[in-house]
$ cat run_31.cif   # mmCIF, C-alpha atoms (C1' of nucleotides) and all ligand atoms
data_input
#
loop_
_atom_site.label_atom_id
_atom_site.label_comp_id
_atom_site.auth_asym_id
_atom_site.auth_seq_id
_atom_site.Cartn_x
_atom_site.Cartn_y
_atom_site.Cartn_z
CA MET A 16 -178.68 36.95 23.81
CA PRO A 17 -174.88 37.26 24.08
CA LYS A 18 -173.56 38.96 27.19
CA ARG A 19 -171.53 42.09 26.75
CA ARG A 20 -167.86 41.25 26.99
CA LEU A 21 -166.21 42.36 30.19
CA ASP A 22 -162.69 43.71 30.50
CA ASN A 23 -161.86 40.53 32.21
CA ASP A 24 -162.87 38.46 29.22
CA PHE A 25 -160.60 40.51 27.03
CA ALA A 26 -157.74 40.01 29.43
CA LEU A 27 -158.29 36.26 29.32
CA LYS A 28 -158.42 36.26 25.57
CA ALA A 29 -155.20 38.28 25.40
CA GLN A 30 -153.50 35.89 27.81
CA ASP A 31 -154.39 32.94 25.65
CA ARG A 32 -153.17 34.66 22.55
CA LEU A 33 -149.86 35.45 24.22
CA ARG A 34 -149.39 31.94 25.56
CA ALA A 35 -150.20 30.53 22.13
CA ALA A 36 -147.43 32.75 20.75
CA GLY A 37 -144.99 31.48 23.36
CA LEU A 38 -144.90 34.75 25.28
CA ARG A 39 -145.40 35.01 29.01
CA PRO A 40 -148.59 36.92 29.71
CA THR A 41 -147.11 39.67 31.84
CA ARG A 42 -149.15 42.62 33.05
CA GLN A 43 -147.58 44.85 30.42
CA ARG A 44 -147.95 42.47 27.49
CA VAL A 45 -151.55 41.71 28.35
CA GLY A 46 -152.37 45.41 28.65
CA LEU A 47 -150.73 46.27 25.36
CA ALA A 48 -152.32 43.30 23.61
CA GLN A 49 -155.75 44.49 24.75
CA LEU A 50 -155.08 47.96 23.41
CA LEU A 51 -153.82 46.55 20.14
CA PHE A 52 -156.28 43.79 19.43
CA ASN A 53 -159.60 44.88 20.87
CA GLY A 54 -161.30 46.95 18.24
CA PRO A 55 -160.64 47.36 14.56
CA CYS A 56 -157.29 46.93 12.86
CA ARG A 57 -155.09 49.99 12.63
CA HIS A 58 -151.62 51.43 12.18
CA LEU A 59 -149.60 52.97 14.95
CA THR A 60 -146.14 53.89 16.10
CA ALA A 61 -144.43 52.96 19.35
CA GLU A 62 -145.09 56.45 20.67
CA ASP A 63 -148.77 56.15 19.74
CA LEU A 64 -149.11 52.97 21.74
CA PHE A 65 -147.15 54.39 24.65
CA ALA A 66 -149.57 57.34 24.76
CA GLU A 67 -152.60 55.05 24.57
CA ALA A 68 -151.25 52.99 27.43
CA ALA A 69 -150.79 56.09 29.52
CA ALA A 70 -154.34 57.21 28.73
CA ALA A 71 -155.65 53.78 29.68
CA GLU A 72 -153.58 53.87 32.89
CA ILE A 73 -151.61 50.83 31.87
CA SER A 74 -148.27 51.41 33.49
CA VAL A 75 -145.52 50.46 31.06
CA SER A 76 -142.22 51.96 30.02
CA LEU A 77 -141.36 53.08 26.52
CA ALA A 78 -138.61 50.47 26.36
CA THR A 79 -141.15 47.77 27.03
CA VAL A 80 -143.46 49.15 24.37
CA TYR A 81 -140.63 48.80 21.85
CA ASN A 82 -139.68 45.36 23.11
CA THR A 83 -143.27 44.19 23.02
CA LEU A 84 -143.95 45.51 19.54
CA HIS A 85 -140.94 43.67 18.20
CA GLN A 86 -141.86 40.48 20.03
CA PHE A 87 -145.37 40.68 18.60
CA VAL A 88 -143.93 41.12 15.12
CA GLU A 89 -141.69 38.08 15.61
CA ALA A 90 -144.68 36.12 16.85
CA GLY A 91 -146.76 37.13 13.84
CA LEU A 92 -149.29 39.09 15.86
CA LEU A 93 -148.27 42.38 14.21
CA ARG A 94 -146.55 43.42 11.08
CA GLU A 95 -144.19 46.31 10.52
CA VAL A 96 -144.91 48.63 7.59
CA LEU A 97 -142.40 50.89 5.91
CA ALA A 98 -143.73 54.28 4.98
CA GLU A 99 -141.36 57.00 6.06
CA PRO A 100 -137.68 56.85 6.78
CA GLY A 101 -137.10 57.43 10.46
CA ARG A 102 -140.37 56.14 11.84
CA ALA A 103 -141.62 52.58 12.22
CA TYR A 104 -145.33 51.84 11.83
CA PHE A 105 -146.98 48.73 13.13
CA ASP A 106 -150.07 47.18 11.62
CA THR A 107 -152.52 45.16 13.68
CA ASP A 108 -153.76 43.54 10.48
CA VAL A 109 -151.31 40.80 9.60
CA SER A 110 -153.28 39.57 6.63
CA ASN A 111 -151.96 40.17 3.15
CA HIS A 112 -152.82 43.71 2.12
CA HIS A 113 -151.24 46.88 0.82
CA HIS A 114 -151.17 50.55 1.75
CA PHE A 115 -151.77 54.06 0.65
CA PHE A 116 -149.39 56.48 2.30
CA HIS A 117 -150.62 60.05 2.63
CA ALA A 118 -147.36 61.95 2.30
CA ASP A 119 -148.81 65.13 3.76
CA THR A 120 -150.23 63.66 6.96
CA GLY A 121 -148.04 60.60 7.44
CA MET A 122 -151.18 58.46 7.55
CA LEU A 123 -151.38 54.89 6.29
CA GLN A 124 -154.59 53.59 4.75
CA ASP A 125 -155.29 49.99 3.96
CA ILE A 126 -155.84 48.69 0.47
CA PRO A 127 -157.72 45.40 0.33
CA GLU A 128 -155.62 42.57 -1.01
CA ASP A 129 -157.54 42.08 -4.22
CA ALA A 130 -157.46 45.75 -5.22
CA VAL A 131 -153.84 45.32 -6.23
CA VAL A 132 -153.22 42.61 -8.78
CA ILE A 133 -149.63 41.68 -9.41
CA ALA A 134 -149.53 39.68 -12.61
CA ALA A 135 -145.81 38.98 -12.71
CA LEU A 136 -142.96 38.89 -10.23
CA PRO A 137 -139.27 38.33 -10.88
CA ALA A 138 -137.58 35.23 -9.52
CA ALA A 139 -135.62 35.72 -6.32
CA PRO A 140 -131.89 36.14 -6.91
CA GLU A 141 -129.58 33.20 -6.28
CA GLY A 142 -129.36 32.26 -2.61
CA ALA A 143 -132.43 34.21 -1.56
CA ARG A 144 -136.13 33.62 -1.25
CA ILE A 145 -138.98 36.06 -1.43
CA GLY A 146 -140.27 36.95 2.00
CA ARG A 147 -142.97 39.48 1.33
CA VAL A 148 -144.06 41.77 -1.46
CA GLU A 149 -144.84 45.25 -0.14
CA VAL A 150 -146.78 47.67 -2.27
CA VAL A 151 -147.03 51.24 -1.03
CA ILE A 152 -148.96 53.73 -3.09
CA ARG A 153 -147.74 57.18 -2.26
CA LEU A 154 -150.45 59.84 -2.35
CA GLU A 155 -150.21 63.56 -2.89
CA LYS A 156 -152.89 66.15 -2.45
CA ALA A 157 -155.13 66.31 -5.51
CA GLY A 158 -154.77 69.35 -7.75
CA ALA A 159 -151.01 69.82 -7.55
CA MET B 22 -112.60 58.14 -32.58
CA PRO B 23 -114.26 59.79 -29.56
CA LYS B 24 -111.95 61.53 -27.16
CA ARG B 25 -111.87 60.25 -23.61
CA ARG B 26 -114.00 62.49 -21.40
CA LEU B 27 -112.02 64.72 -19.11
CA ASP B 28 -112.98 65.63 -15.57
CA ASN B 29 -113.64 69.06 -16.86
CA ASP B 30 -116.25 67.78 -19.30
CA PHE B 31 -118.04 66.04 -16.47
CA ALA B 32 -118.01 69.21 -14.43
CA LEU B 33 -119.55 71.14 -17.29
CA LYS B 34 -122.19 68.50 -17.81
CA ALA B 35 -123.01 68.54 -14.09
CA GLN B 36 -123.26 72.32 -14.12
CA ASP B 37 -125.75 72.22 -16.95
CA ARG B 38 -127.78 69.59 -15.24
CA LEU B 39 -127.93 71.67 -12.07
CA ARG B 40 -128.83 74.86 -13.88
CA ALA B 41 -131.55 73.03 -15.76
CA ALA B 42 -132.93 71.93 -12.41
CA GLY B 43 -132.88 75.50 -11.13
CA LEU B 44 -130.01 74.89 -8.70
CA ARG B 45 -126.94 77.10 -8.50
CA PRO B 46 -123.93 75.07 -9.56
CA THR B 47 -121.87 75.54 -6.44
CA ARG B 48 -118.56 73.77 -5.90
CA GLN B 49 -120.23 71.29 -3.55
CA ARG B 50 -123.25 70.54 -5.69
CA VAL B 51 -121.14 70.06 -8.80
CA GLY B 52 -118.78 67.74 -6.97
CA LEU B 53 -121.59 65.65 -5.53
CA ALA B 54 -123.43 65.55 -8.85
CA GLN B 55 -120.31 64.17 -10.52
CA LEU B 56 -120.00 61.47 -7.91
CA LEU B 57 -123.67 60.61 -8.24
CA PHE B 58 -124.20 60.75 -11.97
CA ASN B 59 -120.94 59.68 -13.58
CA GLY B 60 -120.99 55.93 -13.78
CA PRO B 61 -123.80 53.45 -13.43
CA CYS B 62 -126.95 53.97 -11.38
CA ARG B 63 -126.82 52.92 -7.77
CA HIS B 64 -128.25 53.19 -4.29
CA LEU B 65 -126.57 55.01 -1.45
CA THR B 66 -127.10 56.70 1.87
CA ALA B 67 -126.02 60.18 2.90
CA GLU B 68 -123.11 58.71 4.82
CA ASP B 69 -122.05 56.72 1.78
CA LEU B 70 -121.92 59.84 -0.34
CA PHE B 71 -120.15 61.79 2.37
CA ALA B 72 -117.45 59.09 2.49
CA GLU B 73 -117.12 59.06 -1.30
CA ALA B 74 -116.70 62.80 -1.32
CA ALA B 75 -113.97 62.57 1.28
CA ALA B 76 -112.22 59.86 -0.76
CA ALA B 77 -112.46 62.01 -3.88
CA GLU B 78 -111.15 65.02 -1.93
CA ILE B 79 -114.32 66.96 -2.52
CA SER B 80 -114.58 69.13 0.54
CA VAL B 81 -118.17 69.19 1.72
CA SER B 82 -119.89 68.98 5.08
CA LEU B 83 -122.34 66.28 6.08
CA ALA B 84 -125.09 68.89 6.44
CA THR B 85 -124.55 69.90 2.84
CA VAL B 86 -124.67 66.30 1.70
CA TYR B 87 -128.09 65.97 3.32
CA ASN B 88 -129.28 69.31 1.93
CA THR B 89 -128.06 68.43 -1.53
CA LEU B 90 -129.60 64.97 -1.58
CA HIS B 91 -132.98 66.41 -0.66
CA GLN B 92 -132.68 69.19 -3.22
CA PHE B 93 -131.81 66.63 -5.87
CA VAL B 94 -134.86 64.59 -4.92
CA GLU B 95 -137.07 67.69 -5.15
CA ALA B 96 -135.57 68.44 -8.54
CA GLY B 97 -136.21 64.92 -9.80
CA LEU B 98 -132.52 64.07 -10.17
CA LEU B 99 -132.71 61.41 -7.47
CA ARG B 100 -135.36 59.35 -5.85
CA GLU B 101 -135.65 58.23 -2.26
CA VAL B 102 -136.31 54.56 -1.63
CA LEU B 103 -137.79 53.13 1.53
CA ALA B 104 -136.26 49.90 2.67
CA GLU B 105 -135.42 49.99 6.36
CA PRO B 106 -136.79 52.14 9.08
CA GLY B 107 -134.10 54.47 10.31
CA ARG B 108 -132.06 54.84 7.15
CA ALA B 109 -132.81 56.71 3.94
CA TYR B 110 -131.55 55.33 0.64
CA PHE B 111 -131.21 57.41 -2.49
CA ASP B 112 -131.43 56.00 -5.98
CA THR B 113 -129.61 57.60 -8.90
CA ASP B 114 -132.03 55.85 -11.23
CA VAL B 115 -135.20 57.92 -11.31
CA SER B 116 -136.89 55.79 -13.94
CA ASN B 117 -139.79 53.60 -13.00
CA HIS B 118 -138.47 50.45 -11.39
CA HIS B 119 -138.76 48.35 -8.27
CA HIS B 120 -136.45 46.81 -5.70
CA PHE B 121 -135.37 43.71 -3.95
CA PHE B 122 -134.33 44.40 -0.39
CA HIS B 123 -131.85 41.95 1.11
CA ALA B 124 -132.91 42.00 4.74
CA ASP B 125 -129.66 40.44 5.94
CA THR B 126 -127.26 42.88 4.28
CA GLY B 127 -129.41 45.97 3.91
CA MET B 128 -128.68 46.00 0.19
CA LEU B 129 -131.10 47.20 -2.45
CA GLN B 130 -131.13 45.55 -5.85
CA ASP B 131 -132.97 46.89 -8.86
CA ILE B 132 -135.78 45.03 -10.53
CA PRO B 133 -136.29 46.03 -14.14
CA GLU B 134 -139.60 47.77 -14.68
CA ASP B 135 -141.18 45.05 -16.80
CA ALA B 136 -140.36 42.23 -14.37
CA VAL B 137 -143.15 43.43 -12.11
CA VAL B 138 -146.53 43.63 -13.78
CA ILE B 139 -149.26 45.36 -11.85
CA ALA B 140 -152.54 44.46 -13.49
CA ALA B 141 -154.86 46.43 -11.23
CA LEU B 142 -154.57 49.36 -8.89
CA PRO B 143 -157.19 50.92 -6.63
CA ALA B 144 -158.41 54.43 -7.34
CA ALA B 145 -156.87 57.15 -5.20
CA PRO B 146 -159.04 58.18 -2.26
CA GLU B 147 -161.05 61.39 -2.50
CA GLY B 148 -158.85 64.49 -2.53
CA ALA B 149 -155.64 62.65 -3.33
CA ARG B 150 -153.77 61.55 -6.40
CA ILE B 151 -151.36 58.70 -6.85
CA GLY B 152 -147.78 59.91 -6.79
CA ARG B 153 -145.83 56.70 -7.16
CA VAL B 154 -146.32 53.00 -6.73
CA GLU B 155 -143.45 51.44 -4.82
CA VAL B 156 -142.95 47.73 -4.83
CA VAL B 157 -140.32 46.33 -2.50
CA ILE B 158 -139.71 42.61 -2.52
CA ARG B 159 -138.19 41.62 0.79
CA LEU B 160 -135.65 38.81 0.52
CA GLU B 161 -134.50 36.32 3.11
CA LYS B 162 -131.63 33.91 2.91
CA ALA B 163 -132.65 30.78 1.04
CA GLY B 164 -133.10 27.63 3.08
CA ALA B 165 -134.65 29.17 6.18
"C1'" DT C 12 -113.89 93.93 -11.86
"C1'" DT C 13 -115.90 95.65 -8.02
"C1'" DT C 14 -119.99 95.89 -5.42
"C1'" DC C 15 -123.88 94.04 -3.27
"C1'" DC C 16 -127.20 90.95 -2.04
"C1'" DT C 17 -128.86 86.66 -1.78
"C1'" DC C 18 -128.23 81.97 -1.57
"C1'" DC C 19 -125.29 78.45 0.20
"C1'" DT C 20 -122.22 76.06 3.31
"C1'" DT C 21 -120.61 74.94 7.75
"C1'" DA C 22 -119.41 73.12 12.55
"C1'" DG C 23 -121.48 71.87 16.12
"C1'" DA C 24 -125.46 71.50 18.85
"C1'" DA C 25 -129.93 69.76 19.00
"C1'" DT C 26 -133.68 66.59 17.98
"C1'" DC C 27 -135.93 62.45 17.13
"C1'" DC C 28 -136.54 57.69 17.26
"C1'" DT C 29 -134.73 53.55 18.89
"C1'" DT C 30 -131.76 50.44 21.48
"C1'" DC C 31 -128.85 49.31 25.33
"C1'" DT C 32 -127.50 48.70 30.25
"C1'" DA C 33 -127.66 46.88 34.58
"C1'" DA C 34 -130.48 46.76 38.53
"C1'" DA C 35 -135.05 45.67 40.42
"C1'" DT C 36 -139.25 43.08 39.80
"C1'" DT C 37 -142.31 39.51 38.40
"C1'" DG C 38 -143.99 35.02 36.56
"C1'" DT C 39 -143.51 30.21 36.87
"C1'" DT C 40 -142.27 25.87 38.54
"C1'" DG C 41 -141.34 22.66 42.10
"C1'" DC D 14 -143.03 29.71 49.73
"C1'" DA D 15 -138.23 29.29 47.51
"C1'" DA D 16 -135.53 29.56 43.55
"C1'" DC D 17 -134.61 30.89 39.06
"C1'" DA D 18 -135.21 32.76 34.73
"C1'" DA D 19 -137.65 35.98 32.10
"C1'" DT D 20 -139.17 40.64 32.08
"C1'" DT D 21 -139.38 45.43 33.11
"C1'" DT D 22 -137.40 49.75 33.93
"C1'" DA D 23 -135.13 54.50 34.13
"C1'" DG D 24 -131.90 56.53 32.22
"C1'" DA D 25 -127.95 56.62 29.30
"C1'" DA D 26 -126.34 55.76 24.84
"C1'" DG D 27 -126.69 55.46 19.94
"C1'" DG D 28 -127.42 56.60 15.12
"C1'" DA D 29 -129.52 59.27 11.64
"C1'" DT D 30 -131.07 63.60 10.45
"C1'" DT D 31 -132.09 68.48 11.05
"C1'" DC D 32 -131.30 72.94 12.97
"C1'" DT D 33 -128.67 77.25 14.12
"C1'" DA D 34 -126.26 81.17 13.39
"C1'" DA D 35 -122.24 82.89 11.35
"C1'" DG D 36 -119.16 83.21 7.52
"C1'" DG D 37 -118.39 82.35 2.41
"C1'" DA D 38 -119.38 82.20 -2.50
"C1'" DG D 39 -122.25 82.95 -6.90
"C1'" DG D 40 -123.67 86.09 -10.07
"C1'" DA D 41 -126.30 90.32 -11.59
"C1'" DA D 42 -125.55 94.93 -12.10
"C1'" DA D 43 -122.85 98.81 -12.35
MN MN E 201 -138.11 47.03 14.01
MN MN E 202 -135.91 62.82 3.13
ZN ZN E 203 -152.57 47.87 7.07
ZN ZN E 204 -133.10 51.42 -7.90
#
$ encode --input "run_31.cif" --output "structure tokens"
Amino acid sequence: MPKRRLDNDFALKAQDRLRAAGLRPTRQRVGLAQLLFNGPCRHLTAEDLFAEAAAAEISVSLATVYNTLHQFVEAGLLREVLAEPGRAYFDTDVSNHHHFFHADTGMLQDIPEDAVVIAALPAAPEGARIGRVEVVIRLEKAGA
Amino acid sequence: MPKRRLDNDFALKAQDRLRAAGLRPTRQRVGLAQLLFNGPCRHLTAEDLFAEAAAAEISVSLATVYNTLHQFVEAGLLREVLAEPGRAYFDTDVSNHHHFFHADTGMLQDIPEDAVVIAALPAAPEGARIGRVEVVIRLEKAGA
DNA sequence: TTTCCTCCTTAGAATCCTTCTAAATTGTTG
DNA sequence: CAACAATTTAGAAGGATTCTAAGGAGGAAA
């Protein structure tokens, strides 16, 4: 019978993940990593994470939340999703998948990779290579 | 032999287009419409258009440029394209097409509609309908 | 063409999100 | 522990966009 994981186990796991990514496991990075990666995948903004940290009594500044999110993106632990101009969303699921964007609520919803089939793509223009193909399906309220 | 179009002709055409969209053809809206819709389709930001207006000696405030761009989007004369967080791009081509985004320069490049073939799409979630499918192909410099 | 009312435009301030700065703290290595 | 670099931080700065409140312009009606 597997023991219930303790907070301490999570902290250790987060530390390893950070070290593997070449990032020093500081108090703040470990705390944020726990918030981000324990539990199911989701989408959040810097402000969201900052608020969660406050609620969890993880003391961290907003500047560090921004720094950390970008470092995690660089390290491949997070991905940034474009949905609205003027607000950056981060996705804890870095696997290949797409998104519904609910224009009325600003919410992102995952689309499993195989639900979108792209049968043809153009070649990259001269001097460039394709980095990622982002599909966002914009949703409106039904019955408009 | 067709006469060369005069500025005045363009102004009249812009006026009609605005009236058809239910927008009063004010000095500012007519001027901006001429800048936007005479010539080939392209992508620009509010600041871009504001600068073009200044260069063309069309007197208009930045607030009005923003208001007008959004009104034109509402009216279906323009479409907004998401490429970078923190900056809104407007596209004078409202037909169905997709984009390359050059991450290094911030430039958008059109992809003809039939170069991207989407063979399967998920159904819209309950209570929503699909408004638009946006495909952005993110480009990096070759040889990275 | 004048009047009248509404819609539109405007400068500047305000807001929002994000990044920068430079000083203090912390993690790591020896 | 000492020494040093990496990290964090509060607060200021920045850039894009929106708001405010006051004046101006379009156009229907007389
Ligand atoms: Mn970013
Ligand atoms: Mn907009
Ligand atoms: Zn996702
Ligand atoms: Zn385009």
$ closest_atom_pairs --input "run_31.cif" --of "chain B" --to "ligand ZN 204 (chain E)" --cutoff "9 Å" --atoms "only C-alpha atoms and all ligand atoms" --output "JSON lines"
{"residue": "B:Cys62", "atom": "CA", "partner": "E:ZN204", "partner_atom": "ZN", "distance": 7.5}
{"residue": "B:Arg63", "atom": "CA", "partner": "E:ZN204", "partner_atom": "ZN", "distance": 6.5}
{"residue": "B:His64", "atom": "CA", "partner": "E:ZN204", "partner_atom": "ZN", "distance": 6.3}
{"residue": "B:Arg100", "atom": "CA", "partner": "E:ZN204", "partner_atom": "ZN", "distance": 8.5}
{"residue": "B:Val102", "atom": "CA", "partner": "E:ZN204", "partner_atom": "ZN", "distance": 7.7}
{"residue": "B:Phe111", "atom": "CA", "partner": "E:ZN204", "partner_atom": "ZN", "distance": 8.3}
{"residue": "B:Asp112", "atom": "CA", "partner": "E:ZN204", "partner_atom": "ZN", "distance": 5.2}
{"residue": "B:Thr113", "atom": "CA", "partner": "E:ZN204", "partner_atom": "ZN", "distance": 7.2}
{"residue": "B:Asp114", "atom": "CA", "partner": "E:ZN204", "partner_atom": "ZN", "distance": 5.6}
{"residue": "B:Val115", "atom": "CA", "partner": "E:ZN204", "partner_atom": "ZN", "distance": 7.6}
{"residue": "B:Ser116", "atom": "CA", "partner": "E:ZN204", "partner_atom": "ZN", "distance": 8.4}
{"residue": "B:Asn117", "atom": "CA", "partner": "E:ZN204", "partner_atom": "ZN", "distance": 8.7}
{"residue": "B:His118", "atom": "CA", "partner": "E:ZN204", "partner_atom": "ZN", "distance": 6.5}
{"residue": "B:His119", "atom": "CA", "partner": "E:ZN204", "partner_atom": "ZN", "distance": 6.4}
{"residue": "B:His120", "atom": "CA", "partner": "E:ZN204", "partner_atom": "ZN", "distance": 6.1}
{"residue": "B:Phe121", "atom": "CA", "partner": "E:ZN204", "partner_atom": "ZN", "distance": 9.0}
{"residue": "B:Leu129", "atom": "CA", "partner": "E:ZN204", "partner_atom": "ZN", "distance": 7.2}
{"residue": "B:Gln130", "atom": "CA", "partner": "E:ZN204", "partner_atom": "ZN", "distance": 6.5}
{"residue": "B:Asp131", "atom": "CA", "partner": "E:ZN204", "partner_atom": "ZN", "distance": 4.6}
{"residue": "B:Ile132", "atom": "CA", "partner": "E:ZN204", "partner_atom": "ZN", "distance": 7.4}
{"residue": "B:Pro133", "atom": "CA", "partner": "E:ZN204", "partner_atom": "ZN", "distance": 8.8}
$ calpha_fit_and_write --input "run_31.cif" --fixed "chain B" --moving "chain A" --output "CSV table (one decimal) with C-alpha atoms, in the coordinates of the input"
chain,number,residue,atom,x,y,z
A,16,MET,CA,-112.5,58.2,-32.6
A,17,PRO,CA,-114.1,59.9,-29.6
A,18,LYS,CA,-111.7,61.5,-27.1
A,19,ARG,CA,-111.7,60.2,-23.6
A,20,ARG,CA,-113.8,62.4,-21.4
A,21,LEU,CA,-111.8,64.7,-19.0
A,22,ASP,CA,-112.8,65.6,-15.5
A,23,ASN,CA,-113.4,69.0,-16.8
A,24,ASP,CA,-116.0,67.8,-19.3
A,25,PHE,CA,-117.9,66.0,-16.5
A,26,ALA,CA,-117.8,69.2,-14.4
A,27,LEU,CA,-119.3,71.1,-17.3
A,28,LYS,CA,-122.0,68.5,-17.8
A,29,ALA,CA,-122.8,68.5,-14.1
A,30,GLN,CA,-123.1,72.3,-14.1
A,31,ASP,CA,-125.5,72.2,-17.0
A,32,ARG,CA,-127.6,69.6,-15.3
A,33,LEU,CA,-127.7,71.7,-12.1
A,34,ARG,CA,-128.6,74.9,-14.0
A,35,ALA,CA,-131.3,73.1,-15.9
A,36,ALA,CA,-132.7,72.0,-12.5
A,37,GLY,CA,-132.7,75.6,-11.2
A,38,LEU,CA,-129.9,75.0,-8.8
A,39,ARG,CA,-126.8,77.1,-8.6
A,40,PRO,CA,-123.7,75.1,-9.6
A,41,THR,CA,-121.7,75.5,-6.4
A,42,ARG,CA,-118.4,73.7,-5.9
A,43,GLN,CA,-120.1,71.3,-3.5
A,44,ARG,CA,-123.2,70.5,-5.7
A,45,VAL,CA,-121.0,70.0,-8.8
A,46,GLY,CA,-118.7,67.7,-6.9
A,47,LEU,CA,-121.5,65.6,-5.5
A,48,ALA,CA,-123.3,65.5,-8.9
A,49,GLN,CA,-120.2,64.1,-10.5
A,50,LEU,CA,-119.9,61.4,-7.9
A,51,LEU,CA,-123.6,60.6,-8.2
A,52,PHE,CA,-124.1,60.7,-12.0
A,53,ASN,CA,-120.8,59.6,-13.5
A,54,GLY,CA,-120.9,55.9,-13.7
A,55,PRO,CA,-123.8,53.4,-13.4
A,56,CYS,CA,-126.9,54.0,-11.4
A,57,ARG,CA,-126.8,52.9,-7.8
A,58,HIS,CA,-128.3,53.2,-4.3
A,59,LEU,CA,-126.6,55.0,-1.5
A,60,THR,CA,-127.2,56.7,1.8
A,61,ALA,CA,-126.1,60.2,2.9
A,62,GLU,CA,-123.2,58.8,4.8
A,63,ASP,CA,-122.1,56.7,1.8
A,64,LEU,CA,-122.0,59.9,-0.3
A,65,PHE,CA,-120.2,61.8,2.4
A,66,ALA,CA,-117.5,59.1,2.6
A,67,GLU,CA,-117.2,59.0,-1.2
A,68,ALA,CA,-116.7,62.8,-1.2
A,69,ALA,CA,-114.0,62.6,1.4
A,70,ALA,CA,-112.3,59.8,-0.6
A,71,ALA,CA,-112.4,62.0,-3.7
A,72,GLU,CA,-111.2,65.0,-1.8
A,73,ILE,CA,-114.3,66.9,-2.4
A,74,SER,CA,-114.6,69.1,0.6
A,75,VAL,CA,-118.2,69.2,1.8
A,76,SER,CA,-120.0,69.0,5.1
A,77,LEU,CA,-122.4,66.3,6.1
A,78,ALA,CA,-125.2,69.0,6.4
A,79,THR,CA,-124.6,69.9,2.8
A,80,VAL,CA,-124.7,66.3,1.7
A,81,TYR,CA,-128.2,66.0,3.2
A,82,ASN,CA,-129.3,69.4,1.8
A,83,THR,CA,-128.0,68.5,-1.6
A,84,LEU,CA,-129.6,65.0,-1.7
A,85,HIS,CA,-133.0,66.5,-0.8
A,86,GLN,CA,-132.6,69.3,-3.4
A,87,PHE,CA,-131.8,66.7,-6.0
A,88,VAL,CA,-134.8,64.7,-5.1
A,89,GLU,CA,-137.0,67.8,-5.3
A,90,ALA,CA,-135.5,68.5,-8.7
A,91,GLY,CA,-136.1,65.0,-9.9
A,92,LEU,CA,-132.4,64.1,-10.3
A,93,LEU,CA,-132.7,61.4,-7.5
A,94,ARG,CA,-135.4,59.4,-5.9
A,95,GLU,CA,-135.7,58.3,-2.3
A,96,VAL,CA,-136.4,54.6,-1.7
A,97,LEU,CA,-137.8,53.2,1.5
A,98,ALA,CA,-136.3,50.0,2.6
A,99,GLU,CA,-135.5,50.1,6.3
A,100,PRO,CA,-136.9,52.2,9.0
A,101,GLY,CA,-134.3,54.6,10.2
A,102,ARG,CA,-132.2,55.0,7.1
A,103,ALA,CA,-132.9,56.8,3.9
A,104,TYR,CA,-131.6,55.4,0.6
A,105,PHE,CA,-131.2,57.5,-2.5
A,106,ASP,CA,-131.4,56.0,-6.0
A,107,THR,CA,-129.6,57.6,-8.9
A,108,ASP,CA,-132.0,55.9,-11.3
A,109,VAL,CA,-135.2,58.0,-11.4
A,110,SER,CA,-136.9,55.8,-14.0
A,111,ASN,CA,-139.8,53.7,-13.0
A,112,HIS,CA,-138.5,50.5,-11.4
A,113,HIS,CA,-138.8,48.4,-8.3
A,114,HIS,CA,-136.5,46.9,-5.7
A,115,PHE,CA,-135.4,43.8,-4.0
A,116,PHE,CA,-134.3,44.4,-0.4
A,117,HIS,CA,-131.8,42.0,1.0
A,118,ALA,CA,-132.9,42.0,4.7
A,119,ASP,CA,-129.6,40.5,5.9
A,120,THR,CA,-127.2,43.0,4.2
A,121,GLY,CA,-129.4,46.0,3.9
A,122,MET,CA,-128.7,46.1,0.1
A,123,LEU,CA,-131.1,47.3,-2.5
A,124,GLN,CA,-131.2,45.6,-5.9
A,125,ASP,CA,-133.0,46.9,-8.9
A,126,ILE,CA,-135.9,45.1,-10.6
A,127,PRO,CA,-136.5,46.2,-14.2
A,128,GLU,CA,-139.8,47.9,-14.6
A,129,ASP,CA,-141.4,45.2,-16.8
A,130,ALA,CA,-140.5,42.3,-14.4
A,131,VAL,CA,-143.3,43.4,-12.1
A,132,VAL,CA,-146.7,43.6,-13.7
A,133,ILE,CA,-149.4,45.2,-11.7
A,134,ALA,CA,-152.7,44.3,-13.4
A,135,ALA,CA,-155.0,46.2,-11.1
A,136,LEU,CA,-154.7,49.2,-8.7
A,137,PRO,CA,-157.4,50.7,-6.4
A,138,ALA,CA,-158.7,54.2,-7.1
A,139,ALA,CA,-157.1,56.9,-4.9
A,140,PRO,CA,-159.3,57.8,-1.9
A,141,GLU,CA,-161.4,61.0,-2.1
A,142,GLY,CA,-159.2,64.1,-2.1
A,143,ALA,CA,-156.0,62.4,-3.0
A,144,ARG,CA,-154.1,61.4,-6.1
A,145,ILE,CA,-151.7,58.6,-6.6
A,146,GLY,CA,-148.1,59.8,-6.6
A,147,ARG,CA,-146.1,56.7,-7.0
A,148,VAL,CA,-146.5,53.0,-6.6
A,149,GLU,CA,-143.5,51.4,-4.8
A,150,VAL,CA,-143.0,47.7,-4.8
A,151,VAL,CA,-140.3,46.3,-2.5
A,152,ILE,CA,-139.7,42.6,-2.6
A,153,ARG,CA,-138.2,41.6,0.7
A,154,LEU,CA,-135.6,38.8,0.4
A,155,GLU,CA,-134.4,36.3,3.0
A,156,LYS,CA,-131.5,33.9,2.8
A,157,ALA,CA,-132.5,30.8,0.9
A,158,GLY,CA,-133.0,27.6,2.9
A,159,ALA,CA,-134.5,29.1,6.0
$ residues_near_ligand --input "run_31.cif" --ligand "ligand MN 201 (chain E)" --cutoff "12 Å" --atoms "all atoms listed in the file" --output "VMD selection string"
(chain A and resid 60 to 61 80 to 89 93 to 97 101 to 105) or (chain B and resid 104 to 107 124) or (chain C and resid 28 to 30)
